[in-house]
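K.L.:
One file is attached below, work-v9.pdb, containing PDB, C-alpha atoms, pLDDT in the B column.
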ATOM      1  CA  GLY T1210       0.000   0.000   0.000  1.00 32.00           C
ATOM      2  CA  GLY T1211       1.049   3.598  -0.476  1.00 35.00           C
ATOM      3  CA  LEU T1212       0.379   6.931   1.127  1.00 38.00           C
ATOM      4  CA  GLY T1213      -3.301   7.696   1.432  1.00 35.00           C
ATOM      5  CA  ARG T1214      -4.497   4.110   1.909  1.00 36.00           C
ATOM      6  CA  ARG T1215      -3.819   1.309   4.339  1.00 41.00           C
ATOM      7  CA  SER T1216      -0.387  -0.306   4.189  1.00 39.00           C
ATOM      8  CA  GLY T1217      -0.838  -3.480   6.224  1.00 34.00           C
ATOM      9  CA  VAL T1218      -2.800  -2.165   9.199  1.00 32.00           C
ATOM     10  CA  PHE T1219      -1.434   1.378   9.313  1.00 40.00           C
ATOM     11  CA  GLN T1220      -3.534   4.385   8.498  1.00 53.00           C
ATOM     12  CA  ARG T1221      -1.356   7.096   6.959  1.00 76.00           C
ATOM     13  CA  THR T1222      -2.013  10.222   4.942  1.00 89.00           C
ATOM     14  CA  GLY T1223      -2.114  11.310   1.346  1.00 89.00           C
ATOM     15  CA  ASN T1224      -0.067  14.413   2.204  1.00 94.00           C
ATOM     16  CA  VAL T1225       3.630  13.573   1.844  1.00 94.00           C
ATOM     17  CA  GLU T1226       4.748  16.663   3.757  1.00 96.00           C
ATOM     18  CA  ALA T1227       2.463  15.741   6.672  1.00 96.00           C
ATOM     19  CA  TYR T1228       3.808  12.195   6.657  1.00 95.00           C
ATOM     20  CA  LEU T1229       7.421  13.380   6.735  1.00 96.00           C
ATOM     21  CA  ALA T1230       6.665  15.699   9.662  1.00 97.00           C
ATOM     22  CA  TYR T1231       5.018  12.786  11.448  1.00 97.00           C
ATOM     23  CA  LEU T1232       8.080  10.570  10.869  1.00 95.00           C
ATOM     24  CA  ARG T1233      10.412  13.254  12.225  1.00 97.00           C
ATOM     25  CA  GLY T1234       8.231  13.520  15.319  1.00 97.00           C
ATOM     26  CA  ARG T1235       8.216   9.750  15.793  1.00 96.00           C
ATOM     27  CA  ALA T1236      12.009   9.633  15.579  1.00 95.00           C
ATOM     28  CA  LEU T1237      12.277  12.244  18.337  1.00 96.00           C
ATOM     29  CA  LEU T1238       9.642  10.482  20.439  1.00 96.00           C
ATOM     30  CA  GLY T1239      11.765   7.340  20.379  1.00 93.00           C
ATOM     31  CA  ARG T1240      14.605   9.176  22.126  1.00 92.00           C
ATOM     32  CA  PHE T1241      12.787   8.978  25.507  1.00 93.00           C
ATOM     33  CA  SER T1242      13.909  12.330  26.861  1.00 95.00           C
ATOM     34  CA  VAL T1243      12.014  15.402  28.005  1.00 96.00           C
ATOM     35  CA  ALA T1244      13.796  17.642  25.517  1.00 96.00           C
ATOM     36  CA  GLU T1245      13.124  15.464  22.486  1.00 97.00           C
ATOM     37  CA  SER T1246       9.557  14.615  23.496  1.00 97.00           C
ATOM     38  CA  ASP T1247       8.931  18.365  23.593  1.00 98.00           C
ATOM     39  CA  ALA T1248      10.745  18.764  20.271  1.00 98.00           C
ATOM     40  CA  ALA T1249       8.458  16.148  18.676  1.00 98.00           C
ATOM     41  CA  VAL T1250       5.321  18.179  19.448  1.00 98.00           C
ATOM     42  CA  PRO T1251       5.615  20.819  16.683  1.00 98.00           C
ATOM     43  CA  TYR T1252       6.209  18.101  14.077  1.00 98.00           C
ATOM     44  CA  PHE T1253       2.954  16.355  14.990  1.00 98.00           C
ATOM     45  CA  GLU T1254       1.169  19.718  15.115  1.00 98.00           C
ATOM     46  CA  LYS T1255       2.502  20.469  11.636  1.00 98.00           C
ATOM     47  CA  ALA T1256       1.307  17.083  10.360  1.00 98.00           C
ATOM     48  CA  ILE T1257      -2.183  17.785  11.737  1.00 98.00           C
ATOM     49  CA  ALA T1258      -2.227  21.293  10.245  1.00 98.00           C
ATOM     50  CA  LEU T1259      -1.324  19.836   6.842  1.00 97.00           C
ATOM     51  CA  ASP T1260      -3.842  16.990   7.130  1.00 97.00           C
ATOM     52  CA  PRO T1261      -6.547  17.459   9.801  1.00 97.00           C
ATOM     53  CA  ASN T1262      -7.689  13.863   9.203  1.00 96.00           C
ATOM     54  CA  PHE T1263      -4.333  12.255   9.996  1.00 97.00           C
ATOM     55  CA  ALA T1264      -5.364  10.021  12.909  1.00 97.00           C
ATOM     56  CA  ALA T1265      -1.870   8.743  13.749  1.00 96.00           C
ATOM     57  CA  ALA T1266      -0.567  12.298  14.159  1.00 98.00           C
ATOM     58  CA  TYR T1267      -3.223  13.076  16.787  1.00 98.00           C
ATOM     59  CA  ALA T1268      -2.328   9.885  18.693  1.00 98.00           C
ATOM     60  CA  SER T1269       1.386  10.658  18.539  1.00 98.00           C
ATOM     61  CA  LEU T1270       0.842  14.238  19.691  1.00 98.00           C
ATOM     62  CA  TYR T1271      -0.953  12.853  22.753  1.00 98.00           C
ATOM     63  CA  ASP T1272       1.899  10.364  23.243  1.00 98.00           C
ATOM     64  CA  ALA T1273       4.519  13.130  23.083  1.00 98.00           C
ATOM     65  CA  ARG T1274       2.673  15.394  25.539  1.00 98.00           C
ATOM     66  CA  LEU T1275       2.270  12.579  28.069  1.00 98.00           C
ATOM     67  CA  GLN T1276       5.797  11.249  27.647  1.00 97.00           C
ATOM     68  CA  ALA T1277       7.317  14.672  28.291  1.00 97.00           C
ATOM     69  CA  ALA T1278       5.166  15.092  31.404  1.00 97.00           C
ATOM     70  CA  SER T1279       6.038  11.602  32.628  1.00 96.00           C
ATOM     71  CA  TRP T1280       9.777  12.145  32.276  1.00 95.00           C
ATOM     72  CA  ARG T1281       9.386  15.440  34.143  1.00 96.00           C
ATOM     73  CA  HIS T1282       7.668  13.441  36.919  1.00 95.00           C
ATOM     74  CA  GLN T1283       4.564  15.624  36.677  1.00 96.00           C
ATOM     75  CA  ASP T1284       1.151  14.567  37.899  1.00 96.00           C
ATOM     76  CA  LEU T1285      -0.175  12.931  34.735  1.00 97.00           C
ATOM     77  CA  GLU T1286      -3.895  13.176  35.462  1.00 96.00           C
ATOM     78  CA  PRO T1287      -4.336  16.875  34.562  1.00 97.00           C
ATOM     79  CA  VAL T1288      -2.145  16.348  31.487  1.00 97.00           C
ATOM     80  CA  ARG T1289      -4.338  13.423  30.416  1.00 97.00           C
ATOM     81  CA  GLN T1290      -7.452  15.514  30.867  1.00 96.00           C
ATOM     82  CA  GLN T1291      -5.955  18.425  28.939  1.00 97.00           C
ATOM     83  CA  HIS T1292      -5.001  16.324  25.927  1.00 98.00           C
ATOM     84  CA  ARG T1293      -7.527  13.466  25.978  1.00 97.00           C
ATOM     85  CA  SER T1294      -9.407  15.049  23.073  1.00 98.00           C
ATOM     86  CA  LEU T1295      -6.445  14.141  20.838  1.00 98.00           C
ATOM     87  CA  ILE T1296      -7.061  10.420  21.358  1.00 97.00           C
ATOM     88  CA  ASP T1297     -10.803  10.942  20.972  1.00 98.00           C
ATOM     89  CA  ARG T1298     -10.190  12.754  17.691  1.00 98.00           C
ATOM     90  CA  ALA T1299      -7.829  10.045  16.415  1.00 98.00           C
ATOM     91  CA  LEU T1300     -10.387   7.311  17.071  1.00 97.00           C
ATOM     92  CA  ALA T1301     -13.242   9.396  15.651  1.00 97.00           C
ATOM     93  CA  ILE T1302     -11.281   9.705  12.407  1.00 96.00           C
ATOM     94  CA  ASP T1303     -10.209   6.062  12.398  1.00 96.00           C
ATOM     95  CA  PRO T1304     -11.695   3.595  14.926  1.00 96.00           C
ATOM     96  CA  ASP T1305      -9.011   1.120  13.839  1.00 95.00           C
ATOM     97  CA  ALA T1306      -6.039   3.408  14.567  1.00 95.00           C
ATOM     98  CA  GLY T1307      -3.866   0.982  16.515  1.00 96.00           C
ATOM     99  CA  GLU T1308      -1.463   3.761  17.423  1.00 96.00           C
ATOM    100  CA  ALA T1309      -4.248   5.482  19.376  1.00 98.00           C
ATOM    101  CA  TYR T1310      -5.015   2.357  21.394  1.00 98.00           C
ATOM    102  CA  PHE T1311      -1.328   1.925  22.206  1.00 98.00           C
ATOM    103  CA  ALA T1312      -0.974   5.569  23.254  1.00 98.00           C
ATOM    104  CA  ARG T1313      -4.085   5.430  25.425  1.00 98.00           C
ATOM    105  CA  ALA T1314      -2.896   2.205  27.067  1.00 98.00           C
ATOM    106  CA  MET T1315       0.597   3.558  27.706  1.00 97.00           C
ATOM    107  CA  TRP T1316      -0.534   6.674  29.523  1.00 97.00           C
ATOM    108  CA  ALA T1317      -3.957   5.754  30.902  1.00 93.00           C
ATOM    109  CA  GLY T1318      -4.955   6.280  34.498  1.00 90.00           C
ATOM    110  CA  THR T1319      -7.693   3.673  34.093  1.00 89.00           C
ATOM    111  CA  SER T1320      -7.934   0.126  35.392  1.00 94.00           C
ATOM    112  CA  VAL T1321      -5.455  -2.611  34.539  1.00 96.00           C
ATOM    113  CA  ASP T1322      -8.193  -4.425  32.620  1.00 96.00           C
ATOM    114  CA  ALA T1323      -8.965  -1.364  30.488  1.00 97.00           C
ATOM    115  CA  ARG T1324      -5.281  -0.870  29.704  1.00 97.00           C
ATOM    116  CA  MET T1325      -4.870  -4.540  28.819  1.00 98.00           C
ATOM    117  CA  ALA T1326      -7.841  -4.308  26.464  1.00 98.00           C
ATOM    118  CA  ASP T1327      -6.294  -1.280  24.731  1.00 98.00           C
ATOM    119  CA  PHE T1328      -2.881  -2.947  24.436  1.00 98.00           C
ATOM    120  CA  ARG T1329      -4.440  -6.069  22.943  1.00 98.00           C
ATOM    121  CA  ARG T1330      -6.484  -3.974  20.523  1.00 98.00           C
ATOM    122  CA  GLY T1331      -3.330  -2.104  19.511  1.00 98.00           C
ATOM    123  CA  VAL T1332      -1.448  -5.372  18.931  1.00 98.00           C
ATOM    124  CA  ALA T1333      -4.314  -6.764  16.852  1.00 98.00           C
ATOM    125  CA  LEU T1334      -4.452  -3.650  14.671  1.00 96.00           C
ATOM    126  CA  GLU T1335      -0.731  -2.845  14.448  1.00 95.00           C
ATOM    127  CA  PRO T1336       1.296  -5.983  15.190  1.00 96.00           C
ATOM    128  CA  SER T1337       4.461  -4.326  13.852  1.00 95.00           C
ATOM    129  CA  ASN T1338       4.340  -1.207  16.038  1.00 96.00           C
ATOM    130  CA  GLY T1339       7.672  -1.545  17.855  1.00 96.00           C
ATOM    131  CA  ARG T1340       7.031   1.322  20.265  1.00 96.00           C
ATOM    132  CA  GLY T1341       3.643  -0.071  21.226  1.00 97.00           C
ATOM    133  CA  LEU T1342       4.973  -3.605  21.687  1.00 98.00           C
ATOM    134  CA  THR T1343       7.827  -2.372  23.866  1.00 97.00           C
ATOM    135  CA  ALA T1344       5.356  -0.502  26.063  1.00 97.00           C
ATOM    136  CA  TYR T1345       3.130  -3.586  26.221  1.00 98.00           C
ATOM    137  CA  ALA T1346       6.094  -5.705  27.333  1.00 97.00           C
ATOM    138  CA  GLU T1347       6.884  -3.140  30.063  1.00 96.00           C
ATOM    139  CA  PHE T1348       3.272  -3.262  31.216  1.00 97.00           C
ATOM    140  CA  LEU T1349       3.297  -7.065  31.399  1.00 97.00           C
ATOM    141  CA  ARG T1350       6.689  -7.251  33.110  1.00 94.00           C
ATOM    142  CA  TRP T1351       6.591  -4.456  35.639  1.00 92.00           C
ATOM    143  CA  GLU T1352       2.929  -3.729  36.323  1.00 94.00           C
ATOM    144  CA  LEU T1353       1.383  -7.200  36.005  1.00 95.00           C
ATOM    145  CA  GLU T1354       4.561  -9.045  37.081  1.00 93.00           C
ATOM    146  CA  ARG T1355       4.197 -11.533  34.238  1.00 95.00           C
ATOM    147  CA  PRO T1356       7.764 -11.817  32.872  1.00 92.00           C
ATOM    148  CA  GLU T1357       6.980 -15.033  31.027  1.00 94.00           C
ATOM    149  CA  ASP T1358       4.370 -13.168  28.949  1.00 96.00           C
ATOM    150  CA  ALA T1359       6.488 -10.036  28.542  1.00 96.00           C
ATOM    151  CA  ALA T1360       9.568 -11.814  27.134  1.00 94.00           C
ATOM    152  CA  PRO T1361       8.118 -12.886  23.744  1.00 97.00           C
ATOM    153  CA  VAL T1362       6.482  -9.469  23.265  1.00 97.00           C
ATOM    154  CA  LEU T1363       9.807  -7.715  23.850  1.00 97.00           C
ATOM    155  CA  GLN T1364      11.560 -10.172  21.532  1.00 96.00           C
ATOM    156  CA  ARG T1365       8.999  -9.330  18.846  1.00 97.00           C
ATOM    157  CA  ALA T1366       9.693  -5.612  19.361  1.00 97.00           C
ATOM    158  CA  LEU T1367      13.440  -6.248  18.971  1.00 97.00           C
ATOM    159  CA  GLN T1368      12.849  -8.240  15.780  1.00 97.00           C
ATOM    160  CA  ILE T1369      10.745  -5.432  14.330  1.00 96.00           C
ATOM    161  CA  ASP T1370      13.240  -2.711  15.244  1.00 95.00           C
ATOM    162  CA  PRO T1371      16.658  -4.179  16.160  1.00 95.00           C
ATOM    163  CA  MET T1372      18.117  -0.666  16.410  1.00 94.00           C
ATOM    164  CA  SER T1373      15.634   0.545  19.031  1.00 95.00           C
ATOM    165  CA  PRO T1374      17.610   1.702  22.076  1.00 95.00           C
ATOM    166  CA  GLN T1375      14.494   1.573  24.264  1.00 95.00           C
ATOM    167  CA  ALA T1376      13.795  -2.084  23.463  1.00 95.00           C
ATOM    168  CA  HIS T1377      17.437  -2.977  24.161  1.00 95.00           C
ATOM    169  CA  PHE T1378      17.327  -0.879  27.343  1.00 95.00           C
ATOM    170  CA  ASP T1379      14.283  -2.830  28.537  1.00 93.00           C
ATOM    171  CA  ALA T1380      15.989  -6.131  27.684  1.00 92.00           C
ATOM    172  CA  ALA T1381      19.021  -5.062  29.710  1.00 90.00           C
ATOM    173  CA  MET T1382      16.880  -4.089  32.704  1.00 88.00           C
ATOM    174  CA  VAL T1383      15.068  -7.451  32.635  1.00 81.00           C
ATOM    175  CA  SER T1384      18.402  -9.290  32.512  1.00 67.00           C
ATOM    176  CA  LEU T1385      19.386  -7.917  35.939  1.00 62.00           C
ATOM    177  CA  ASP T1386      17.336 -10.661  37.592  1.00 60.00           C
ATOM    178  CA  GLU T1387      18.847 -13.338  35.391  1.00 64.00           C
ATOM    179  CA  VAL T1388      22.527 -12.600  34.765  1.00 65.00           C
ATOM    180  CA  GLY T1389      23.653 -10.306  37.559  1.00 72.00           C
ATOM    181  CA  ALA T1390      25.086  -6.827  37.834  1.00 76.00           C
ATOM    182  CA  GLY T1391      28.177  -7.227  35.671  1.00 81.00           C
ATOM    183  CA  ALA T1392      26.274  -8.533  32.672  1.00 86.00           C
ATOM    184  CA  VAL T1393      23.503  -5.951  32.946  1.00 86.00           C
ATOM    185  CA  GLU T1394      26.136  -3.197  32.963  1.00 90.00           C
ATOM    186  CA  ARG T1395      27.702  -4.639  29.801  1.00 91.00           C
ATOM    187  CA  ASN T1396      24.267  -4.850  28.216  1.00 92.00           C
ATOM    188  CA  MET T1397      23.597  -1.218  29.101  1.00 94.00           C
ATOM    189  CA  VAL T1398      26.917  -0.157  27.574  1.00 95.00           C
ATOM    190  CA  GLU T1399      25.804  -1.952  24.395  1.00 95.00           C
ATOM    191  CA  VAL T1400      22.685   0.233  24.385  1.00 96.00           C
ATOM    192  CA  LEU T1401      24.996   3.275  24.338  1.00 97.00           C
ATOM    193  CA  GLU T1402      26.907   1.745  21.427  1.00 96.00           C
ATOM    194  CA  LEU T1403      23.619   1.841  19.531  1.00 95.00           C
ATOM    195  CA  ASP T1404      22.859   5.380  20.702  1.00 96.00           C
ATOM    196  CA  PRO T1405      25.567   7.221  22.689  1.00 96.00           C
ATOM    197  CA  GLN T1406      23.091   9.940  23.703  1.00 96.00           C
ATOM    198  CA  PHE T1407      20.282   7.732  24.995  1.00 97.00           C
ATOM    199  CA  VAL T1408      19.676   9.419  28.332  1.00 97.00           C
ATOM    200  CA  PRO T1409      18.041   6.513  30.259  1.00 97.00           C
ATOM    201  CA  ALA T1410      21.067   4.295  29.526  1.00 97.00           C
ATOM    202  CA  LEU T1411      23.527   7.061  30.405  1.00 97.00           C
ATOM    203  CA  GLU T1412      21.845   7.464  33.795  1.00 97.00           C
ATOM    204  CA  LYS T1413      22.076   3.718  34.469  1.00 96.00           C
ATOM    205  CA  VAL T1414      25.711   3.432  33.405  1.00 97.00           C
ATOM    206  CA  GLY T1415      26.604   6.399  35.617  1.00 97.00           C
ATOM    207  CA  LEU T1416      24.752   4.732  38.489  1.00 96.00           C
ATOM    208  CA  TYR T1417      26.549   1.419  37.924  1.00 95.00           C
ATOM    209  CA  ARG T1418      30.003   3.044  37.763  1.00 96.00           C
ATOM    210  CA  TRP T1419      29.315   4.396  41.243  1.00 96.00           C
ATOM    211  CA  LEU T1420      27.540   1.423  42.805  1.00 93.00           C
ATOM    212  CA  PHE T1421      29.493  -1.458  41.286  1.00 92.00           C
ATOM    213  CA  HIS T1422      32.968   0.076  40.987  1.00 94.00           C
ATOM    214  CA  GLY T1423      33.142   3.124  43.230  1.00 95.00           C
ATOM    215  CA  LYS T1424      34.359   5.210  40.276  1.00 96.00           C
ATOM    216  CA  LEU T1425      32.920   8.515  41.390  1.00 96.00           C
ATOM    217  CA  ALA T1426      34.676  10.724  38.828  1.00 96.00           C
ATOM    218  CA  ASP T1427      33.548   8.501  35.943  1.00 97.00           C
ATOM    219  CA  ALA T1428      30.003   8.404  37.314  1.00 97.00           C
ATOM    220  CA  VAL T1429      29.820  12.181  37.677  1.00 97.00           C
ATOM    221  CA  GLN T1430      31.133  12.747  34.148  1.00 98.00           C
ATOM    222  CA  ILE T1431      28.534  10.407  32.644  1.00 98.00           C
ATOM    223  CA  LEU T1432      25.686  11.807  34.712  1.00 98.00           C
ATOM    224  CA  GLU T1433      26.572  15.411  33.964  1.00 98.00           C
ATOM    225  CA  HIS T1434      26.563  14.520  30.266  1.00 98.00           C
ATOM    226  CA  ALA T1435      23.041  13.069  30.690  1.00 98.00           C
ATOM    227  CA  ILE T1436      21.921  16.227  32.518  1.00 98.00           C
ATOM    228  CA  ALA T1437      23.318  18.432  29.747  1.00 98.00           C
ATOM    229  CA  LEU T1438      21.454  16.388  27.115  1.00 97.00           C
ATOM    230  CA  ASP T1439      18.132  16.480  28.982  1.00 97.00           C
ATOM    231  CA  PRO T1440      18.102  19.269  31.585  1.00 97.00           C
ATOM    232  CA  GLY T1441      14.363  18.933  32.219  1.00 96.00           C
ATOM    233  CA  ASN T1442      14.674  15.306  33.343  1.00 97.00           C
ATOM    234  CA  PRO T1443      15.067  15.010  37.143  1.00 97.00           C
ATOM    235  CA  VAL T1444      16.305  11.389  37.174  1.00 97.00           C
ATOM    236  CA  PRO T1445      19.965  11.994  36.204  1.00 97.00           C
ATOM    237  CA  ARG T1446      20.015  14.949  38.609  1.00 97.00           C
ATOM    238  CA  HIS T1447      18.804  12.798  41.501  1.00 97.00           C
ATOM    239  CA  THR T1448      21.387  10.113  40.732  1.00 97.00           C
ATOM    240  CA  ALA T1449      24.134  12.719  40.419  1.00 97.00           C
ATOM    241  CA  MET T1450      23.126  14.237  43.755  1.00 97.00           C
ATOM    242  CA  ALA T1451      23.522  10.843  45.420  1.00 96.00           C
ATOM    243  CA  VAL T1452      26.995  10.463  43.889  1.00 96.00           C
ATOM    244  CA  TYR T1453      28.039  13.962  44.989  1.00 96.00           C
ATOM    245  CA  LEU T1454      26.900  13.263  48.553  1.00 94.00           C
TER     246      LEU T1454
END
Show how you would write the structure in this file as structure tokens.
P.N.:
Amino acid sequence: GGLGRRSGVFQRTGNVEAYLAYLRGRALLGRFSVAESDAAVPYFEKAIALDPNFAAAYASLYDARLQAASWRHQDLEPVRQQHRSLIDRALAIDPDAGEAYFARAMWAGTSVDARMADFRRGVALEPSNGRGLTAYAEFLRWELERPEDAAPVLQRALQIDPMSPQAHFDAAMVSLDEVGAGAVERNMVEVLELDPQFVPALEKVGLYRWLFHGKLADAVQILEHAIALDPGNPVPRHTAMAVYL
């Protein structure tokens, strides 16, 4: 399928410029930082301005707004309420927009059952949505404590997008229970080989240099680099404060 009709299960747009803006926004959204989540917003807004019936752009704009707020450690409920109309609009345009179900499931304040239903609907509609599958695996692993169900979902996400730093980051975090501290640190360093500026991995490597090796100067250097990349994110600052103390 091409632009303007379904390609597999994805609903796109007939406006090439809108689609390119959407893709630029999605690339920034995948960086999992406050700064780049904020930077994704105008690209999705541009895509919507160019094509007001571009359902995926509305869903991704909601995703970006909530991700930025989450990484800032804001109270998400007022942010959900402020931007919920974006998801409503996406599903009004296209009731089969899998991206909207994934976004709603990722950031919902609703029941576990409602979130599970949205994740499953997203998987059914967009089985190759790597971001959505990674979020679903996180939900299964950390919120439902079902690692045996999460593992194949995360493996599917890695197969779809083997260069995704977030999927590799999640795989490294899961391995802590299985292979120990030394291996998880090596796995996290491999995430930085994929993306040297992936802030969540930088924060973890800085933490490990301190906790596992007592290398305070190395830890501070790494953490200050993470802070410089994403100054609105409190997590590297909190870790750096612990190292300084």
K.L.:
Rounded to one decimal, what separation in Å do you get between CA of Arg1365 in chain T and CA of Ser1337 in chain T?
P.N.:
8.4 Å
K.L.:
Compare T:Lys1255, T:Arg1221, T:Arg1298, T:Arg1289 by their minimum atom-to-atom distance to Ala1268 in chain T, counting only C-alpha atoms, and give me the closest one.
P.N.:
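So, comparing all the options, the nearest one is T:Arg1298.
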K.L.:
When you draw a straight line from CA of Gly1234 in chain T to CA of Asp1247 in chain T, how long is it in Å?
P.N.:
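About the pair CA of Gly1234 in chain T and CA of Asp1247 in chain T: they are 9.6 Å apart.
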K.L.:
Just want the 12 Å neighbourhood of range 1430-1443 of chain T, counted on only C-alpha atoms, with same-chain residues fewer than 4 positions away dropped. Output as a PyMOL selection string.
P.N.:
chain T and resi 1240-1248+1276-1283+1398+1401+1405-1419+1424-1426+1447-1453
K.L.:
For each of T:Ala1230, T:Leu1270, T:Asp1358, T:Arg1235, take the minimum atom-to-atom distance to Ala1256 in chain T, counting all atoms listed in the file, then give the residue where this is smallest.
P.N.:
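Nearest candidate to Ala1256 in chain T out of T:Ala1230, T:Leu1270, T:Asp1358, T:Arg1235: T:Ala1230.
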K.L.:
Quick one: pull the distance between CA of Val1393 in chain T and CA of Ala1381 in chain T, Å, one decimal.
P.N.:
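Value for the CA of Val1393 in chain T-CA of Ala1381 in chain T distance: 5.6 Å.
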K.L.:
Quick check on the file I pasted: which residues fall under the PyMOL selection byres ((chain T and resi 1314-1322) around 9)? Write them as a CSV table (one decimal) with C-alpha atoms, in the frame of the given file.
P.N.:
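Wrote it out as part_38.csv, contents follow:
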chain,number,residue,atom,x,y,z
T,1272,ASP,CA,1.9,10.4,23.2
T,1275,LEU,CA,2.3,12.6,28.1
T,1276,GLN,CA,5.8,11.2,27.6
T,1279,SER,CA,6.0,11.6,32.6
T,1285,LEU,CA,-0.2,12.9,34.7
T,1286,GLU,CA,-3.9,13.2,35.5
T,1289,ARG,CA,-4.3,13.4,30.4
T,1309,ALA,CA,-4.2,5.5,19.4
T,1310,TYR,CA,-5.0,2.4,21.4
T,1311,PHE,CA,-1.3,1.9,22.2
T,1312,ALA,CA,-1.0,5.6,23.3
T,1313,ARG,CA,-4.1,5.4,25.4
T,1323,ALA,CA,-9.0,-1.4,30.5
T,1324,ARG,CA,-5.3,-0.9,29.7
T,1325,MET,CA,-4.9,-4.5,28.8
T,1326,ALA,CA,-7.8,-4.3,26.5
T,1327,ASP,CA,-6.3,-1.3,24.7
T,1328,PHE,CA,-2.9,-2.9,24.4
T,1331,GLY,CA,-3.3,-2.1,19.5
T,1341,GLY,CA,3.6,-0.1,21.2
T,1344,ALA,CA,5.4,-0.5,26.1
T,1345,TYR,CA,3.1,-3.6,26.2
T,1348,PHE,CA,3.3,-3.3,31.2
T,1352,GLU,CA,2.9,-3.7,36.3
T,1353,LEU,CA,1.4,-7.2,36.0
K.L.:
For the structure shown, which residues end up in the PyMOL selection byres ((chain T and resi 1377) around 12)? Put them as a PyMOL selection string, please?
P.N.:
chain T and resi 1339-1340+1343+1363-1368+1370-1376+1378-1384+1393+1395-1404+1407+1409-1410
K.L.:
Save the residues we just selected, C-alpha atoms, as a PDB file, in the frame of the given file?
P.N.:
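This is the output file result_37.pdb:
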ATOM      1  CA  GLY T1339       7.672  -1.545  17.855  1.00 96.00           C
ATOM      2  CA  ARG T1340       7.031   1.322  20.265  1.00 96.00           C
ATOM      3  CA  THR T1343       7.827  -2.372  23.866  1.00 97.00           C
ATOM      4  CA  LEU T1363       9.807  -7.715  23.850  1.00 97.00           C
ATOM      5  CA  GLN T1364      11.560 -10.172  21.532  1.00 96.00           C
ATOM      6  CA  ARG T1365       8.999  -9.330  18.846  1.00 97.00           C
ATOM      7  CA  ALA T1366       9.693  -5.612  19.361  1.00 97.00           C
ATOM      8  CA  LEU T1367      13.440  -6.248  18.971  1.00 97.00           C
ATOM      9  CA  GLN T1368      12.849  -8.240  15.780  1.00 97.00           C
ATOM     10  CA  ASP T1370      13.240  -2.711  15.244  1.00 95.00           C
ATOM     11  CA  PRO T1371      16.658  -4.179  16.160  1.00 95.00           C
ATOM     12  CA  MET T1372      18.117  -0.666  16.410  1.00 94.00           C
ATOM     13  CA  SER T1373      15.634   0.545  19.031  1.00 95.00           C
ATOM     14  CA  PRO T1374      17.610   1.702  22.076  1.00 95.00           C
ATOM     15  CA  GLN T1375      14.494   1.573  24.264  1.00 95.00           C
ATOM     16  CA  ALA T1376      13.795  -2.084  23.463  1.00 95.00           C
ATOM     17  CA  PHE T1378      17.327  -0.879  27.343  1.00 95.00           C
ATOM     18  CA  ASP T1379      14.283  -2.830  28.537  1.00 93.00           C
ATOM     19  CA  ALA T1380      15.989  -6.131  27.684  1.00 92.00           C
ATOM     20  CA  ALA T1381      19.021  -5.062  29.710  1.00 90.00           C
ATOM     21  CA  MET T1382      16.880  -4.089  32.704  1.00 88.00           C
ATOM     22  CA  VAL T1383      15.068  -7.451  32.635  1.00 81.00           C
ATOM     23  CA  SER T1384      18.402  -9.290  32.512  1.00 67.00           C
ATOM     24  CA  VAL T1393      23.503  -5.951  32.946  1.00 86.00           C
ATOM     25  CA  ARG T1395      27.702  -4.639  29.801  1.00 91.00           C
ATOM     26  CA  ASN T1396      24.267  -4.850  28.216  1.00 92.00           C
ATOM     27  CA  MET T1397      23.597  -1.218  29.101  1.00 94.00           C
ATOM     28  CA  VAL T1398      26.917  -0.157  27.574  1.00 95.00           C
ATOM     29  CA  GLU T1399      25.804  -1.952  24.395  1.00 95.00           C
ATOM     30  CA  VAL T1400      22.685   0.233  24.385  1.00 96.00           C
ATOM     31  CA  LEU T1401      24.996   3.275  24.338  1.00 97.00           C
ATOM     32  CA  GLU T1402      26.907   1.745  21.427  1.00 96.00           C
ATOM     33  CA  LEU T1403      23.619   1.841  19.531  1.00 95.00           C
ATOM     34  CA  ASP T1404      22.859   5.380  20.702  1.00 96.00           C
ATOM     35  CA  PHE T1407      20.282   7.732  24.995  1.00 97.00           C
ATOM     36  CA  PRO T1409      18.041   6.513  30.259  1.00 97.00           C
ATOM     37  CA  ALA T1410      21.067   4.295  29.526  1.00 97.00           C
TER      38      ALA T1410
END
K.L.:
Please provide as an mmCIF file with C-alpha atoms, keeping the file's coordinate frame all residues within 8 Å of range 1305-1307 of chain T, with the sequence filter that same-chain residues fewer than 2 positions apart are discarded (counting all atoms listed in the file).
P.N.:
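The result, written out as part28.cif:
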data_model
loop_
_atom_site.group_PDB
_atom_site.id
_atom_site.type_symbol
_atom_site.label_atom_id
_atom_site.label_comp_id
_atom_site.auth_asym_id
_atom_site.auth_seq_id
_atom_site.Cartn_x
_atom_site.Cartn_y
_atom_site.Cartn_z
ATOM 1 C CA PHE T 1219 -1.434 1.378 9.313
ATOM 2 C CA GLN T 1220 -3.534 4.385 8.498
ATOM 3 C CA ALA T 1264 -5.364 10.021 12.909
ATOM 4 C CA ALA T 1265 -1.870 8.743 13.749
ATOM 5 C CA ALA T 1299 -7.829 10.045 16.415
ATOM 6 C CA LEU T 1300 -10.387 7.311 17.071
ATOM 7 C CA ASP T 1303 -10.209 6.062 12.398
ATOM 8 C CA ALA T 1309 -4.248 5.482 19.376
ATOM 9 C CA TYR T 1310 -5.015 2.357 21.394
ATOM 10 C CA PHE T 1311 -1.328 1.925 22.206
ATOM 11 C CA ARG T 1330 -6.484 -3.974 20.523
ATOM 12 C CA GLY T 1331 -3.330 -2.104 19.511
ATOM 13 C CA VAL T 1332 -1.448 -5.372 18.931
ATOM 14 C CA ALA T 1333 -4.314 -6.764 16.852
ATOM 15 C CA LEU T 1334 -4.452 -3.650 14.671
ATOM 16 C CA GLU T 1335 -0.731 -2.845 14.448
#
K.L.:
For Ala1227 in chain T, which of T:Phe1253, T:Phe1421, T:Tyr1267, T:Trp1351 is the closest residue, counting only C-alpha atoms?
P.N.:
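Closest candidate: T:Phe1253.
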